[in-house]
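Structure record follows, encoded as structure tokens.
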Amino acid sequence: MALTATLPGPRLTVQRQTRSGRIALVLFVVAVIGLAAMPFWAKTGTIRMVLELCCYIAVAQMWNMLAGYAGLVSVGQQAFMGATGYALFVLAQTFGINPFIAIFLSLLVPAVLAVPCYLLLHRLDGPYFAIGTWVVAEVFRLVASNMGWLNAGAGMSLSVMKEYSAFERNLAMSLLCALMILVTIGGSYWFLRSRYGLALIAMRDNPVAAASQGVNVKRLRFMIYVAAAVGCGFVGAVYFMAQLRINPPSAFDPMWSNLAIFIVMVGGIASIEGVLIGTLIYFIADRYFGEYGASYFVVLGVMTVLVALYARGGIWGMVSKRWDAPWFPIRRHLIITKDMP
Amino acid sequence: MQWFDALVQGVLLGGMYAQYALGMALMFGVMKIVNVSHGDLVILLSLVGISLSSSFGLGPFTVMVALVPLALGLGWLLQKAILNKVVGEDPLPSLIATFGLSLALQNLMLQIWSANSRSLPGGGIESKSIQIGGIYIGLLPVIVLVFAVALTWGLDLMLKRSRFGRALRAAAADVEAAAMTGINPRRVYASATAIAVGILGFAAVFQSLRSTVAPADGGAQLIYAFEAVIIGGMGSVWGAFIGSMVLGVTQALGFRIDPGFGVLAGHLVFLLVLATRPQGLFGKA
Amino acid sequence: MSGPILSTHGLIARYGDFQALYGIDFEIAAGEAVALIGANGAGKSTFLRAVMGLLPVAPDMVRMEGSNIGGTATDRMVQMGVAIVPEGRRLFAGMSVEDNLRVAIDQAERLGRKGGWSLPRLHDLFPILKEKARTPVQSLSGGQQQMVSIGRALLCQPRLLLCDEISLGLAPKVIREIYAALPEVRAQGTSVILVEQDVGLAKQASDRLYCLLEGRVTLTGRSIEVTRDAISQAYFGGSHAVV
């Protein structure tokens with residue numbers, strides 16, 4: 001994937017891919033295919049577990065795009081997860097639209113809601129922005145709890161799914177899972193490697209300088225906010241479709257923000273590798289120590305504090321300091337070859 | 001009359017919120033930091049107060065005398081151990097650090113005190129009330145409001161008149177220039193956080209007298225403090241006070257319309273202020 | 001005059017990857033006024049910032065009366081008797097003239113610094129500051145703001161005063177007014193380091209001068225002895241002078 005620029009003088013080659021990157025890309029494609037083919041190799045229980053894992057990865061990556069690249073620290077992405085989940089339930093259950101079409105239609109909801117939210121919230125200064133996003137999520141939750149046609153506090157069930165066989169449901173969930181990872185991880189990777197990505201990295205390193213170089217910081221932030229809302233919305237729809245039930249406290253659970261922050265910060269902010277590492281740690285810790293409940297969360301909290309104090313780059317930050325072998329390389333290396341034919 | 005009653009109750013409720021909001025306004029004004037564990041600290045102090053009260057049979061005001069110095073110390077420690085390391089241009093580290101702290105504190109409290117709601121026995125003052133022109137006014141909410149006014153007034157006076165207040169304002173305006181005049185920023189920051197958390201010592205006693213507290217309640221207190229500060233306008237303690245009144249009144253009125261609408265009404269007014277007057281009601285444009 | 005009150009030895013300073021100073025040797029005696037001249041970006045302000053503890057430097061690169069003090073925190077430098085009138089004045093916006101000055105008085109008290117400066121004496125030096133005592137600093141003119149900034153530094157009771165381009169952007173009349181205060185400051189026994197763009201002004205107000213070019217000292221000497229030619233040579237560098 002080398003881009004060659006034919007210029008007079010020494011030959012300039014822009015290298016954008018590395019060996020580790022190519023290997024990772026192949027593994028990624030294999031993983032996505034593997035996800036799509038789950039019904040043929042996994043049991044229903046495994047599929048459910050993998051689905052949950054994929055949801056964590058996707059939500060964390062969306063938060064990573066916001067906080068790691070756009071400088072928008074949100075603790076309220078659950079607003080869009082819940083809103084999209086509800087949209088799916090209303091479309092499929094109340095209006096009788098095929099749930100697998102409804103899931104895509106429901107994505108319009110976070111896209112539309114994100115616009116006014118951003119217009120309001122971007123007026124808040126850095127740390128206040130974060131709390132503002134939380135208020136928005138609370139508003140969504142309270143509105144849902146008060147709306148009769150969402151069945152208020154009692155919540156809704158997706159009983160239309162009963163019309164499908166277990167295999168059909170498993171197949172659908174697997175395909176959605178694969179698509180979710182493809183869109184959130186693959187999409188982020190593509191975006192970061194595009195010219196927007198360059199601008200984004202410039203913006204992360206120095207917003208003022210980036211703006212002076214012609215990067216439209218405001219528009220880029222807005223775009224990422226909306227994209228992350230839709231991404232989280234997609235996760236919400238898939239997650240609650242699998243759950244078959246939704247109610248306000250679960251739909252707008254701040255746990256999703258806790259989880260995303262922990263995964264990204266411990267794994268390593270501003271890198272896709274970090275998200276994968278962080279998710280793995282969280283997932284394993286959750287399986288093994290989840291039964292300890294509160295004390296387990298105390299440890300997670302303390303770990304987050306320690307990362308913020310002493311290791312801002314998280315685990316991947318420490319790894320990449322030692323070995324320069326990115327799985328998802330987004331930098332461009334300029335290679336100058338002296339000999340010109 | 002029903003609406004006037006709601007208005008009065010709202011103002012009294014605002015007195016409670018002001019006690020959370022003052023510290024947040026102070027910390028943001030000086031360090032541009034939002035302490036996500038602000039609400040959890042109120043709950044922690046409340047639970048400590050309740051335990052003190054039940055173990056040693058202390059009355060609420062004796063608990064307050066013990067709790068405020070403890071809160072001051074806690075704030076000072078918070079700054080020294082955590083916030084001094086994350087204060088700076090980038091808001092992310094301080095948010096993440098205090099977010100992690102919030103998660104740890106909440107769950108630690110859950111382990112120590114369980115998820116049950118508790119309250120501080122007030123020896124009768126919590127149920128006393130006075131009747132003025134057909135409206136019953138609780139004695140305790142009036143005391144809370146009086147304390148809120150006194151705290152706001154005292155904080156404002158300290159900022160304007162004292163040596164420490166001047167140093168604080170100087171550090172808030174330009175921290176490097178402050179150091180050039182001999183101010184030790186970290187010391188000033190530590191004192192500011194100590195005061196901010198110290199005020200929560202008062203808030204904790206009143207919160208646990210007025211209603212109940214449980215380990216998971218901190219988030220709501222954080223949000224109310226935050227809304228009050230934004231509604232009132234950043235950078236002034238009286239702004240935070242007025243913002244608290246507006247929030248309290250809105251919630252009380254909303255609650256009269258529909259019990260499920262009270263908190264939501266507060267959020268909506270916050271969003272309305274954000275849409276129409278982002279600098280806050282009393283902030284400079 | 002005895003040994004230097006402050007000296008630097010091979011002082012190196014950098015902003016991130018960018019090295020701004022390449023080994024500066026400098027000294028100033030008690031009661032002396034030394035000017036630092038040089039083009040924009042020569043490293044004059046960086047030098048002051050490095051001395052003042054606003055940039056990380058190695059301990060042995062700055063010495064004050066024999067002890068290594070490089071990299072000491074800025075507020076500790078003030079405690080040791082070094083004050084700065086910073087580039088761009090850096091007043092505390094939103095506070096009145098008097099409160100700006102009071103901050104320095106408060107801290108001098110706290111740090112136990114004693115000296116000859118007081119609010120009344122400052123008012124004698126710059127009478128306008130008395131008149132404007134209650135005015136918020138942001139509504140003052142540039143010259144008045146500069147007076148507050150100088151006053152704030154003096155009220156730290158310094159033995160060594162660092163002045164960073166105090167004439168910048170001011171009218172000639174105001175510049176004269178501000179520079180007229182210098183003898184009064186020096187009469188106090190205070191040493192002064194002047195960073196100045198205006199070479200004539202710098203020569204006039206100082207005993208010795210250093211010329212910086214691209215982070216290095218290119219000329220040093222007694223101000224009255226240094227010729228214009230030597231200065232312009234040092235100012236623009238040898239190769240530039242030929243071109």
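By convention in this document, the chains of the structure tokens carry letters A, B, ... by their order, each chain's residues are numbered from 1, and ligands are numbered from 1 in the order they are shown.
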
Could you pull out the alpha helix (DSSP H) residues of stretch 36-281 of chain B, going by DSSP on the backbone, and write them as a PyMOL selection string? chain B and resi 38-56+60-78+84-86+91-113+139-161+163-173+175-180+185-210+218-232+237-257+262-276

Determine, counting only C-alpha atoms, which protein, DNA and RNA residues have an atom within 9 Å of an atom of B:Met245; residues of the same chain fewer than 5 positions away are not included. Present the result as a ChimeraX atom specification. /B:10-15,17-18,228,240,250

Go ahead and dump the residues you just picked, C-alpha atoms, as a JSON list (two decimals), in the first residue's frame.
```
[["chain", "number", "residue", "atom", "x", "y", "z"],
["B", 10, "GLY", "CA", -37.61, 26.15, 45.82],
["B", 11, "VAL", "CA", -35.58, 28.95, 47.35],
["B", 12, "LEU", "CA", -35.02, 26.81, 50.42],
["B", 13, "LEU", "CA", -33.95, 23.89, 48.25],
["B", 14, "GLY", "CA", -31.62, 26.28, 46.43],
["B", 15, "GLY", "CA", -29.91, 26.89, 49.75],
["B", 17, "TYR", "CA", -27.64, 23.32, 46.18],
["B", 18, "ALA", "CA", -25.64, 26.48, 46.84],
["B", 228, "ALA", "CA", -26.17, 25.87, 39.35],
["B", 240, "ALA", "CA", -23.26, 30.19, 41.83],
["B", 250, "THR", "CA", -37.40, 25.37, 38.88]]
```

Show which residues sit within 12 Å of stretch 118-135 of chain C, as an mmCIF file with C-alpha atoms, in the first residue's frame. Count only C-alpha atoms, and ignore same-chain residues fewer than 2 positions away.
```cif
data_model
loop_
_atom_site.group_PDB
_atom_site.id
_atom_site.type_symbol
_atom_site.label_atom_id
_atom_site.label_comp_id
_atom_site.auth_asym_id
_atom_site.auth_seq_id
_atom_site.Cartn_x
_atom_site.Cartn_y
_atom_site.Cartn_z
ATOM 1 C CA ALA C 93 -7.044 40.948 34.803
ATOM 2 C CA GLY C 94 -10.256 41.675 36.646
ATOM 3 C CA MET C 95 -8.417 43.070 39.656
ATOM 4 C CA SER C 96 -7.899 46.735 40.479
ATOM 5 C CA VAL C 97 -4.560 48.525 40.303
ATOM 6 C CA GLU C 98 -4.292 48.488 44.046
ATOM 7 C CA ASP C 99 -5.163 44.800 44.324
ATOM 8 C CA ASN C 100 -2.557 43.951 41.693
ATOM 9 C CA LEU C 101 0.044 45.744 43.760
ATOM 10 C CA ARG C 102 -1.274 44.337 47.021
ATOM 11 C CA VAL C 103 -0.657 40.808 45.796
ATOM 12 C CA ALA C 104 3.049 41.600 45.710
ATOM 13 C CA ILE C 105 2.967 43.335 49.100
ATOM 14 C CA ASP C 106 1.153 40.328 50.603
ATOM 15 C CA ALA C 108 6.704 39.975 50.290
ATOM 16 C CA GLU C 109 5.249 39.975 53.785
ATOM 17 C CA LYS C 114 12.076 43.586 53.534
ATOM 18 C CA GLY C 115 13.112 46.543 51.465
ATOM 19 C CA GLY C 116 12.557 50.158 50.714
ATOM 20 C CA VAL C 137 -6.129 47.129 35.241
ATOM 21 C CA GLN C 138 -7.544 46.154 31.868
ATOM 22 C CA SER C 139 -8.955 49.673 31.382
ATOM 23 C CA LEU C 140 -5.572 51.380 31.847
ATOM 24 C CA SER C 141 -3.435 52.654 28.979
ATOM 25 C CA GLY C 143 2.017 52.921 29.764
ATOM 26 C CA GLN C 144 -0.031 52.851 32.950
ATOM 27 C CA GLN C 145 -0.205 49.072 32.773
ATOM 28 C CA GLN C 146 3.566 48.967 32.435
ATOM 29 C CA MET C 147 3.858 51.123 35.549
ATOM 30 C CA VAL C 148 1.674 48.688 37.481
ATOM 31 C CA SER C 149 3.794 45.804 36.257
ATOM 32 C CA ILE C 150 6.999 47.555 37.335
ATOM 33 C CA GLY C 151 5.417 48.555 40.627
ATOM 34 C CA ARG C 152 4.316 44.988 41.268
ATOM 35 C CA ALA C 153 7.865 43.744 40.711
ATOM 36 C CA LEU C 154 9.364 46.465 42.947
ATOM 37 C CA LEU C 155 6.977 45.647 45.765
ATOM 38 C CA CYS C 156 8.497 42.158 45.806
ATOM 39 C CA GLN C 157 11.496 44.074 47.270
ATOM 40 C CA VAL C 174 5.848 57.422 28.241
ATOM 41 C CA GLU C 177 8.720 58.580 32.080
ATOM 42 C CA ILE C 178 9.250 54.899 32.776
ATOM 43 C CA TYR C 179 12.997 54.967 32.256
ATOM 44 C CA ALA C 180 13.204 57.992 34.565
ATOM 45 C CA ALA C 181 12.259 55.607 37.369
ATOM 46 C CA LEU C 182 15.349 53.460 36.873
ATOM 47 C CA PRO C 183 17.857 55.654 38.721
ATOM 48 C CA GLU C 184 15.501 55.625 41.705
ATOM 49 C CA VAL C 185 15.429 51.842 41.571
#
```

Dump as a CSV table (one decimal) with N, CA and C atoms, in the first residue's frame the residues of chain B that approach chain C to within 8 Å, counting only C-alpha atoms.
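Written file, part32.csv:
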```csv
chain,number,residue,atom,x,y,z
B,163,ARG,N,-5.6,38.4,52.1
B,163,ARG,CA,-4.4,38.1,51.4
B,163,ARG,C,-4.5,36.9,50.6
B,166,ARG,N,-6.7,37.4,47.5
B,166,ARG,CA,-6.1,38.1,46.4
B,166,ARG,C,-5.1,37.2,45.7
B,167,ALA,N,-4.4,36.3,46.5
B,167,ALA,CA,-3.5,35.4,45.9
B,167,ALA,C,-4.3,34.4,45.0
B,169,ARG,N,-7.2,35.0,43.5
B,169,ARG,CA,-7.7,35.6,42.3
B,169,ARG,C,-6.5,35.8,41.3
B,170,ALA,N,-5.4,36.2,41.9
B,170,ALA,CA,-4.2,36.4,41.0
B,170,ALA,C,-3.8,35.1,40.3
B,173,ALA,N,-6.2,34.4,37.5
B,173,ALA,CA,-6.1,35.3,36.4
B,173,ALA,C,-4.9,34.8,35.5
B,174,ASP,N,-3.8,34.6,36.2
B,174,ASP,CA,-2.6,34.2,35.4
B,174,ASP,C,-1.6,33.5,36.4
B,177,ALA,N,2.2,34.5,36.2
B,177,ALA,CA,2.4,35.9,36.7
B,177,ALA,C,2.3,35.9,38.2
B,179,ALA,N,3.1,33.4,40.2
B,179,ALA,CA,4.4,32.9,40.7
B,179,ALA,C,5.5,33.9,40.7
B,180,MET,N,5.4,34.8,39.7
B,180,MET,CA,6.4,35.9,39.6
B,180,MET,C,6.3,36.9,40.7
B,181,THR,N,5.1,36.9,41.4
B,181,THR,CA,5.0,37.8,42.5
B,181,THR,C,5.2,37.1,43.8
B,182,GLY,N,5.7,35.8,43.7
B,182,GLY,CA,6.0,35.1,44.9
B,182,GLY,C,4.9,34.2,45.4
B,183,ILE,N,3.9,34.0,44.7
B,183,ILE,CA,2.8,33.1,45.1
B,183,ILE,C,3.2,31.7,44.7
B,184,ASN,N,3.0,30.8,45.6
B,184,ASN,CA,3.3,29.4,45.4
B,184,ASN,C,1.9,28.8,44.9
```

Write out as a count of residues only the residues lying within 10 Å of stretch 9-14 of chain C, counting only C-alpha atoms and excluding same-chain residues fewer than 2 positions away. 31

Tell me which protein, DNA and RNA residues are within 9 Å of A:Phe100, counting only C-alpha atoms, leaving out same-chain ones fewer than 4 positions away, and put them as an NGL selection string. :A and (92 or 104 or 172)

Extract, using only C-alpha atoms, all DNA, RNA and protein residues at most 9 Å from B:Gly88, discarding same-chain residues fewer than 6 positions from it, and format them as an NGL selection string. :B and (31-33 or 94)

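Interatomic distance, atom CA of B:Gln279 to atom CA of B:Gly233: 5.6 Å.
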
Write out, as a tab-separated table, each residue of chain A that has an atom at most 9 Å from chain B, together with the closest pair of atoms and their distance in Å to one decimal, counting only C-alpha atoms, rows going by chain and rising number.
```
residue	atom	partner	partner_atom	distance
A:Ala67	CA	B:Leu92	CA	7.8
A:Gly71	CA	B:Leu92	CA	8.1
A:Leu72	CA	B:Leu92	CA	8.9
A:Val73	CA	B:Leu92	CA	7.0
A:Leu119	CA	B:Ala275	CA	8.3
A:Leu120	CA	B:Ala275	CA	5.8
A:Leu121	CA	B:Leu274	CA	7.8
A:Arg123	CA	B:Pro278	CA	6.5
A:Leu124	CA	B:Pro278	CA	7.7
A:Asp125	CA	B:Lys32	CA	8.9
A:Gly126	CA	B:Pro91	CA	5.8
A:Pro127	CA	B:Pro91	CA	5.6
A:Tyr128	CA	B:Val34	CA	7.0
A:Ala130	CA	B:Leu95	CA	8.3
A:Ile131	CA	B:Ile223	CA	7.1
A:Gly132	CA	B:Phe226	CA	8.4
A:Trp134	CA	B:Ile223	CA	8.0
A:Val135	CA	B:His267	CA	6.9
A:Val136	CA	B:His267	CA	8.1
A:Glu138	CA	B:Leu264	CA	8.2
A:Val139	CA	B:Leu264	CA	6.3
A:Leu142	CA	B:Leu264	CA	6.4
A:Val143	CA	B:Leu264	CA	7.7
A:Ser145	CA	B:Gly260	CA	8.3
A:Asn146	CA	B:Gly260	CA	6.9
A:Asn258	CA	B:Leu103	CA	8.0
A:Ile261	CA	B:Ile96	CA	7.7
A:Phe262	CA	B:Gly100	CA	8.2
A:Met265	CA	B:Ile96	CA	8.1
A:Gly293	CA	B:Asn107	CA	8.4
A:Ala294	CA	B:Asn107	CA	4.8
A:Ser295	CA	B:Asn107	CA	6.5
A:Tyr296	CA	B:Asn107	CA	8.4
A:Phe297	CA	B:Asn107	CA	6.2
A:Val298	CA	B:Ala104	CA	4.0
A:Val299	CA	B:Ala104	CA	6.9
A:Leu300	CA	B:Ala104	CA	7.2
A:Gly301	CA	B:Gly100	CA	4.1
A:Val302	CA	B:Ala104	CA	6.0
A:Met303	CA	B:Gly100	CA	7.5
A:Thr304	CA	B:Gly100	CA	5.0
A:Val305	CA	B:Ala97	CA	4.4
A:Leu306	CA	B:Ala97	CA	7.5
A:Val307	CA	B:Ala97	CA	8.0
A:Ala308	CA	B:Ala97	CA	5.3
A:Leu309	CA	B:Lys85	CA	6.3
A:Tyr310	CA	B:Lys85	CA	8.8
A:Arg312	CA	B:Pro93	CA	7.7
```

Only C-alpha atoms, please: the residues just picked out, written as a JSON list (two decimals), in the first residue's frame.
```
[["chain", "number", "residue", "atom", "x", "y", "z"],
["A", 67, "ALA", "CA", -11.62, 12.12, 23.73],
["A", 71, "GLY", "CA", -10.61, 16.53, 22.48],
["A", 72, "LEU", "CA", -14.26, 16.08, 23.40],
["A", 73, "VAL", "CA", -14.50, 14.24, 26.70],
["A", 119, "LEU", "CA", -24.75, 22.95, 19.30],
["A", 120, "LEU", "CA", -25.65, 23.37, 22.96],
["A", 121, "LEU", "CA", -22.75, 21.54, 24.55],
["A", 123, "ARG", "CA", -20.42, 26.21, 24.33],
["A", 124, "LEU", "CA", -19.11, 24.62, 27.51],
["A", 125, "ASP", "CA", -15.46, 24.79, 28.40],
["A", 126, "GLY", "CA", -13.42, 21.54, 28.37],
["A", 127, "PRO", "CA", -14.25, 19.89, 31.68],
["A", 128, "TYR", "CA", -17.74, 21.39, 31.79],
["A", 130, "ALA", "CA", -18.08, 16.43, 30.00],
["A", 131, "ILE", "CA", -20.60, 17.07, 32.75],
["A", 132, "GLY", "CA", -22.90, 18.65, 30.16],
["A", 134, "TRP", "CA", -23.99, 13.63, 31.35],
["A", 135, "VAL", "CA", -26.89, 16.05, 31.89],
["A", 136, "VAL", "CA", -28.07, 15.36, 28.35],
["A", 138, "GLU", "CA", -30.00, 12.22, 32.23],
["A", 139, "VAL", "CA", -32.53, 14.31, 30.30],
["A", 142, "LEU", "CA", -35.99, 11.17, 32.43],
["A", 143, "VAL", "CA", -37.88, 11.91, 29.22],
["A", 145, "SER", "CA", -39.26, 7.50, 31.96],
["A", 146, "ASN", "CA", -42.10, 9.98, 31.50],
["A", 258, "ASN", "CA", -17.34, 4.12, 32.97],
["A", 261, "ILE", "CA", -13.20, 5.47, 29.92],
["A", 262, "PHE", "CA", -11.58, 2.58, 31.74],
["A", 265, "MET", "CA", -7.41, 5.05, 29.43],
["A", 293, "GLY", "CA", -18.75, -6.56, 42.83],
["A", 294, "ALA", "CA", -17.93, -3.34, 44.60],
["A", 295, "SER", "CA", -14.31, -4.07, 45.52],
["A", 296, "TYR", "CA", -13.65, -4.99, 41.90],
["A", 297, "PHE", "CA", -14.88, -1.54, 40.83],
["A", 298, "VAL", "CA", -12.73, 0.10, 43.51],
["A", 299, "VAL", "CA", -9.73, -1.50, 41.85],
["A", 300, "LEU", "CA", -10.85, -0.33, 38.39],
["A", 301, "GLY", "CA", -11.30, 3.21, 39.72],
["A", 302, "VAL", "CA", -7.91, 3.27, 41.39],
["A", 303, "MET", "CA", -6.31, 1.93, 38.21],
["A", 304, "THR", "CA", -7.92, 4.75, 36.22],
["A", 305, "VAL", "CA", -6.58, 7.31, 38.68],
["A", 306, "LEU", "CA", -3.08, 5.82, 38.46],
["A", 307, "VAL", "CA", -3.13, 5.87, 34.67],
["A", 308, "ALA", "CA", -4.20, 9.53, 34.67],
["A", 309, "LEU", "CA", -1.42, 10.39, 37.12],
["A", 310, "TYR", "CA", 1.51, 8.34, 35.94],
["A", 312, "ARG", "CA", -1.22, 8.93, 30.33]]
```

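A straight line drawn from atom CA of B:Gly57 to atom CA of B:Leu139 is 22.2 Å long.
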
Neighbouring residues of C:Met64 were defined as those with any atom within 8 Å, considering only C-alpha atoms; residues of the same chain fewer than 6 positions away were excluded. Please report them as a PDB file with N, CA and C atoms, in the first residue's frame.
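Contents of out04.pdb, as written:
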```pdb
ATOM      1  N   PRO C   4      29.796  38.798  41.638  1.00  0.00           N
ATOM      2  CA  PRO C   4      28.478  38.925  41.015  1.00  0.00           C
ATOM      3  C   PRO C   4      27.347  38.523  41.963  1.00  0.00           C
ATOM      4  N   ILE C   5      26.222  39.211  41.832  1.00  0.00           N
ATOM      5  CA  ILE C   5      25.045  38.804  42.599  1.00  0.00           C
ATOM      6  C   ILE C   5      24.413  37.584  41.928  1.00  0.00           C
ATOM      7  N   LEU C   6      24.487  37.575  40.586  1.00  0.00           N
ATOM      8  CA  LEU C   6      23.948  36.424  39.861  1.00  0.00           C
ATOM      9  C   LEU C   6      24.797  36.183  38.622  1.00  0.00           C
ATOM     10  N   SER C   7      24.993  34.909  38.315  1.00  0.00           N
ATOM     11  CA  SER C   7      25.757  34.595  37.103  1.00  0.00           C
ATOM     12  C   SER C   7      25.195  33.335  36.458  1.00  0.00           C
TER      13      SER C   7
END
```

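The two atoms in question, atom CA of A:Cys232 and atom CA of A:Met81, are spaced 5.3 Å apart.
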
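Of the listed residues (B:Ile135, B:Ala172, B:Leu52, B:Ala21), B:Ile135 comes nearest to B:Val8; the distances count only C-alpha atoms.
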